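The structure under discussion appears below in the form of structure tokens.
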Amino acid sequence: MVIIKSDEEIAIMRKCGKILAAILDKLRTEVQPGIKTGQLDIVMAEESNKRGVIPSFKNYRGFPANLCVSVNDEIVHGIPGERVLQEGDIVSLDAGAKLNGFHTDAAITVGVGRISKEAEGLITVTEGSLKSGIAQAINEAWIGDISSAIQHYVESRGFSVVREYTGHGVGRDLHEEPPIPNFVVGKGLLLRKGMALAIEPMVNVGDWHTKLAANQWTVLTADGNLSAHFEHTIAITDNGAEILV
Ligand code: MG
């Protein structure tokens with residue numbers, strides 16, 4: 001069931017989103033050649049604590065870290081640890097924060113030092129596809145309009161969208177109804193004021209198929225090519241989509 005949020009609930013999520021955006025800005029500046037992915041997880045914990053939010057992912061269905069850190073061919077759910085980021089890597093940081101009982105969820109992909117033209121293009125297209133999807137997220141449009149915009153944006157630029165993982169509603173639970181696919185599966189639900197949605201295209205240089213790492217968490221591209229991920233939490237308002245984070 002899709003949960004419609006009150007203005008008061010959206011206001012809490014707006015506050016939570018502002019904090020999460022600031023944390024992601026801080027994390028972005030930490031991404032440098034030579035840093036361990038586990039250090040980014042520590043920064044996530046410290047910044048969350050300092051700013052009065054709880055990292056949403058820690059222990060979510062048993063996830064062992066505060067932050068998802070996915071490098072190069074890792075798409076999502078990478079576990080931070082001893083891996084050292086190298087010049088030319090790309091790293092996706094996916095973070096959730098909880099404030100006063102409500103979650104927000106966002107992701108960015110960042111280049112480590114100088115990156116290839118291909119990696120740069122992938123990041124630009126993934127972020128652009130998220131924007132094109134959000135532009136469709138207006139009251140009384142269909143979820144399928146978001147999916148279609150993202151898929152068309154990505155595929156017309158020669159990349160592919162991951163199909164096994166989707167965006168989602170967000171609120172009191174980190175993952176709520178409805179799913180927001182990044183490819184067309186039908187019209188889906190009608191968008192209504194008060195819906196809060198995490199829209200999150202995962203885009204691959206090569207084929208869209210995925211595989212699961214031995215740790216049973218990290219999702220990788222099946223063909224070993226690069227992948228990028230951007231995510232915003234938005235609220236449907238009378239005036240279109242409001243980006244909460
Ligand atoms: Mg999400």
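Letters for chains follow the order of the structure tokens (A, B, ...), residue numbers begin at 1 for each chain, and ligand numbers begin at 1 in the order shown.
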
Name each residue within 7 Å of ligand 1, counting only C-alpha atoms and all ligand atoms, as a ChimeraX atom specification.
-> /A:105-106,167-168,198,200,231

Which neighbours of Glu127 (chain A) fall inside 10 Å, counting only C-alpha atoms, when residues of the same chain fewer than 5 positions from it are skipped, and could you give them as a tab-separated table (two decimals) with C-alpha atoms, in the first residue's frame?
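Generated file (out_1.tsv):
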chain	number	residue	atom	x	y	z
A	108	ILE	CA	25.95	9.95	-5.87
A	109	THR	CA	28.75	8.57	-8.03
A	122	LEU	CA	28.58	7.35	-17.62
A	132	SER	CA	14.76	13.54	-16.63
A	154	VAL	CA	19.98	6.25	-20.88
A	200	GLU	CA	17.51	5.82	-8.33
A	201	PRO	CA	18.72	4.89	-11.79
A	202	MET	CA	21.63	2.42	-11.86
A	203	VAL	CA	23.30	2.68	-15.26
A	228	ALA	CA	27.00	4.45	-11.84
A	229	HIS	CA	24.14	5.30	-9.48
A	230	PHE	CA	22.36	8.52	-8.57
A	231	GLU	CA	19.38	8.82	-6.24

Region 16-27 of chain A environment, 8 Å, only C-alpha atoms, sequence neighbours closer than 4 positions dropped, as JSON, numbers by chain = {"A": [12, 31, 40, 43, 44, 47, 48, 51, 53, 95, 96, 97, 98, 99, 102, 103, 104, 105, 106, 108, 233, 244, 245]}

So that I have them on file, write out the residues from the current selection with C-alpha atoms, as a PDB file, in the first residue's frame.
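Written out: part26.pdb:
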ATOM      1  CA  ILE A  12      10.269  16.202   8.809  1.00  0.00           C
ATOM      2  CA  VAL A  31      36.859  10.709  -1.917  1.00  0.00           C
ATOM      3  CA  LEU A  40      34.091   6.777   4.289  1.00  0.00           C
ATOM      4  CA  VAL A  43      32.818   9.627   8.226  1.00  0.00           C
ATOM      5  CA  MET A  44      29.187   8.649   7.593  1.00  0.00           C
ATOM      6  CA  GLU A  47      28.713  13.111  10.541  1.00  0.00           C
ATOM      7  CA  SER A  48      25.350  11.450  11.244  1.00  0.00           C
ATOM      8  CA  ARG A  51      24.056  16.187  12.970  1.00  0.00           C
ATOM      9  CA  VAL A  53      20.435  11.577  12.406  1.00  0.00           C
ATOM     10  CA  ALA A  95      23.317   6.795   2.108  1.00  0.00           C
ATOM     11  CA  GLY A  96      20.148   6.871   4.170  1.00  0.00           C
ATOM     12  CA  ALA A  97      19.336   8.975   7.236  1.00  0.00           C
ATOM     13  CA  LYS A  98      16.545   8.724   9.801  1.00  0.00           C
ATOM     14  CA  LEU A  99      15.166  11.683  11.753  1.00  0.00           C
ATOM     15  CA  PHE A 102      11.339   9.183   8.906  1.00  0.00           C
ATOM     16  CA  HIS A 103      14.003   8.147   6.406  1.00  0.00           C
ATOM     17  CA  THR A 104      15.463   9.839   3.350  1.00  0.00           C
ATOM     18  CA  ASP A 105      17.727   8.077   0.852  1.00  0.00           C
ATOM     19  CA  ALA A 106      20.197   9.417  -1.729  1.00  0.00           C
ATOM     20  CA  ILE A 108      25.948   9.953  -5.865  1.00  0.00           C
ATOM     21  CA  THR A 233      14.296  11.368  -2.439  1.00  0.00           C
ATOM     22  CA  LEU A 244      14.165  16.492  -0.370  1.00  0.00           C
ATOM     23  CA  VAL A 245      17.707  15.184  -0.810  1.00  0.00           C
TER      24      VAL A 245
END

Could you write out, as a list in words, all the residues of region 119-224 of chain A that DSSP marks as strand (DSSP E or B)?
-> Trp142, Ser160, Val161, Gly167, His168, Gly169, Glu176, Glu177, Pro178, Pro179, Ile180, Leu190, Ala196, Leu197, Ala198, Ile199, Met202, Val203, Asn204, Thr210, Lys211, Leu212, Val219, Leu220 and Thr221 of chain A

Which is closest to Tyr60 (chain A) among A:Leu226, A:Ile150, A:Leu197, A:Leu174, if we use only C-alpha atoms?
->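 Nearest candidate to Tyr60 (chain A) out of A:Leu226, A:Ile150, A:Leu197, A:Leu174: A:Leu174.
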
Return as number ranges by chain the full set of residues in region 49-191 of chain A whose backbone-based DSSP assignment is alpha helix (DSSP H).
-> A: 49-51, 117-135, 143-155

Could you check how far CA of Ala11 (chain A) sits from CA of Ile146 (chain A), in Å to one decimal?
->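 That distance, rounded to one decimal, is 23.8 Å.
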
Give me the residues within 10 Å of Ala141 (chain A) as a list in words, counting only C-alpha atoms and dropping any in the same chain fewer than 3 places off.
-> Gln136, Ala137, Ile138, Gly144, Asp145, Ile146, Lys187, Gly188, Leu189, Leu190, Leu191, Arg192 and Gly240 of chain A

Can you pull out every residue within 12 Å of Ser160 (chain A), counting only C-alpha atoms, but drop anything in the same chain fewer than 2 positions away, and send it as a PyMOL selection string?
-> chain A and resi 122+125-126+129+150-158+162-163+182-183+201-210+221+225-228

Deliver the residues from the most recent selection as a file, using N, CA, C and O atoms, as a compact mmCIF listing (two decimals), in the first residue's frame.
# COMPACT_ATOMS: atom_id res chain seq x y z
N LEU A 122 29.53 8.20 -18.36
CA LEU A 122 28.58 7.35 -17.62
C LEU A 122 27.98 8.13 -16.45
O LEU A 122 26.76 8.10 -16.22
N VAL A 125 25.57 10.89 -17.72
CA VAL A 125 24.31 10.35 -18.24
C VAL A 125 23.44 9.82 -17.09
O VAL A 125 22.21 10.00 -17.10
N THR A 126 24.04 9.19 -16.11
CA THR A 126 23.26 8.65 -15.00
C THR A 126 22.58 9.77 -14.23
O THR A 126 21.38 9.70 -13.91
N SER A 129 19.83 11.24 -16.34
CA SER A 129 18.63 10.38 -16.43
C SER A 129 17.76 10.55 -15.18
O SER A 129 16.53 10.53 -15.26
N ILE A 150 13.57 7.83 -17.90
CA ILE A 150 14.92 7.38 -17.50
C ILE A 150 15.46 6.40 -18.54
O ILE A 150 16.59 6.54 -19.03
N GLN A 151 14.66 5.41 -18.89
CA GLN A 151 15.13 4.39 -19.84
C GLN A 151 15.51 5.02 -21.18
O GLN A 151 16.56 4.71 -21.75
N HIS A 152 14.64 5.91 -21.68
CA HIS A 152 14.91 6.53 -22.98
C HIS A 152 16.17 7.37 -22.92
O HIS A 152 17.02 7.33 -23.83
N TYR A 153 16.33 8.14 -21.85
CA TYR A 153 17.50 9.01 -21.70
C TYR A 153 18.78 8.17 -21.73
O TYR A 153 19.75 8.51 -22.41
N VAL A 154 18.77 7.08 -21.00
CA VAL A 154 19.98 6.25 -20.88
C VAL A 154 20.27 5.51 -22.19
O VAL A 154 21.39 5.54 -22.71
N GLU A 155 19.27 4.85 -22.73
CA GLU A 155 19.51 3.98 -23.89
C GLU A 155 19.83 4.79 -25.14
O GLU A 155 20.61 4.35 -25.98
N SER A 156 19.24 5.98 -25.26
CA SER A 156 19.53 6.81 -26.44
C SER A 156 20.97 7.34 -26.40
O SER A 156 21.48 7.84 -27.40
N ARG A 157 21.62 7.21 -25.24
CA ARG A 157 23.01 7.63 -25.11
C ARG A 157 23.97 6.44 -25.05
O ARG A 157 25.14 6.58 -24.69
N GLY A 158 23.45 5.26 -25.35
CA GLY A 158 24.30 4.09 -25.54
C GLY A 158 24.63 3.29 -24.29
O GLY A 158 25.48 2.40 -24.32
N VAL A 162 19.88 -0.90 -15.21
CA VAL A 162 19.74 -2.13 -14.42
C VAL A 162 18.26 -2.40 -14.19
O VAL A 162 17.47 -1.48 -13.94
N ARG A 163 17.87 -3.66 -14.29
CA ARG A 163 16.44 -4.02 -14.18
C ARG A 163 16.09 -4.76 -12.91
O ARG A 163 14.93 -4.77 -12.50
N ASN A 182 13.39 1.64 -13.40
CA ASN A 182 14.10 2.55 -14.29
C ASN A 182 13.96 2.14 -15.75
O ASN A 182 14.71 2.58 -16.60
N PHE A 183 12.99 1.27 -16.01
CA PHE A 183 12.68 0.82 -17.37
C PHE A 183 11.18 0.56 -17.39
O PHE A 183 10.55 0.38 -16.34
N PRO A 201 18.18 5.65 -10.66
CA PRO A 201 18.72 4.89 -11.79
C PRO A 201 20.13 4.35 -11.52
O PRO A 201 20.97 5.06 -10.98
N MET A 202 20.31 3.07 -11.87
CA MET A 202 21.63 2.42 -11.86
C MET A 202 21.94 2.14 -13.32
O MET A 202 21.14 1.47 -13.99
N VAL A 203 23.03 2.67 -13.82
CA VAL A 203 23.30 2.68 -15.26
C VAL A 203 24.63 2.00 -15.54
O VAL A 203 25.63 2.28 -14.87
N ASN A 204 24.63 1.11 -16.54
CA ASN A 204 25.83 0.34 -16.89
C ASN A 204 26.38 0.76 -18.24
O ASN A 204 25.62 1.06 -19.16
N VAL A 205 27.70 0.70 -18.36
CA VAL A 205 28.35 0.92 -19.66
C VAL A 205 27.99 -0.21 -20.61
O VAL A 205 27.72 0.01 -21.79
N GLY A 206 28.00 -1.43 -20.10
CA GLY A 206 27.73 -2.60 -20.94
C GLY A 206 26.30 -3.07 -20.79
O GLY A 206 25.36 -2.28 -20.83
N ASP A 207 26.17 -4.35 -20.59
CA ASP A 207 24.87 -5.01 -20.50
C ASP A 207 24.20 -4.72 -19.16
O ASP A 207 24.87 -4.42 -18.18
N TRP A 208 22.87 -4.83 -19.08
CA TRP A 208 22.17 -4.50 -17.84
C TRP A 208 22.16 -5.62 -16.80
O TRP A 208 21.77 -5.40 -15.66
N HIS A 209 22.61 -6.81 -17.20
CA HIS A 209 22.53 -7.93 -16.26
C HIS A 209 23.48 -7.76 -15.07
O HIS A 209 24.53 -7.15 -15.19
N THR A 210 23.06 -8.34 -13.94
CA THR A 210 23.83 -8.20 -12.71
C THR A 210 24.20 -9.57 -12.15
O THR A 210 23.65 -10.59 -12.56
N THR A 221 28.04 -5.68 -12.07
CA THR A 221 27.65 -5.91 -13.45
C THR A 221 28.11 -7.31 -13.84
O THR A 221 29.21 -7.75 -13.48
N ASN A 225 31.78 -4.49 -16.63
CA ASN A 225 31.93 -3.08 -17.02
C ASN A 225 31.47 -2.15 -15.89
O ASN A 225 30.83 -2.56 -14.94
N LEU A 226 31.78 -0.86 -16.07
CA LEU A 226 31.48 0.14 -15.05
C LEU A 226 29.98 0.35 -14.87
O LEU A 226 29.20 0.17 -15.80
N SER A 227 29.61 0.80 -13.66
CA SER A 227 28.23 1.16 -13.37
C SER A 227 28.21 2.42 -12.50
O SER A 227 29.11 2.65 -11.70
N ALA A 228 27.17 3.24 -12.67
CA ALA A 228 27.00 4.45 -11.84
C ALA A 228 25.59 4.49 -11.27
O ALA A 228 24.67 3.82 -11.79

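Taking only C-alpha atoms into account, Ser56 (chain A) lies nearest to A:Cys68 out of the set A:Ile236, A:Cys68, A:Ala214, A:Ala135.
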
Which residues come within 12 Å of Arg61 (chain A), counting only C-alpha atoms, excluding same-chain residues fewer than 2 positions away, as a ChimeraX atom specification?
-> /A:56-59,63-65,77,174-175,216-217

Just how far from CA of Val91 (chain A) is CA of Ile199 (chain A), in Å to one decimal?
-> 18.7 Å
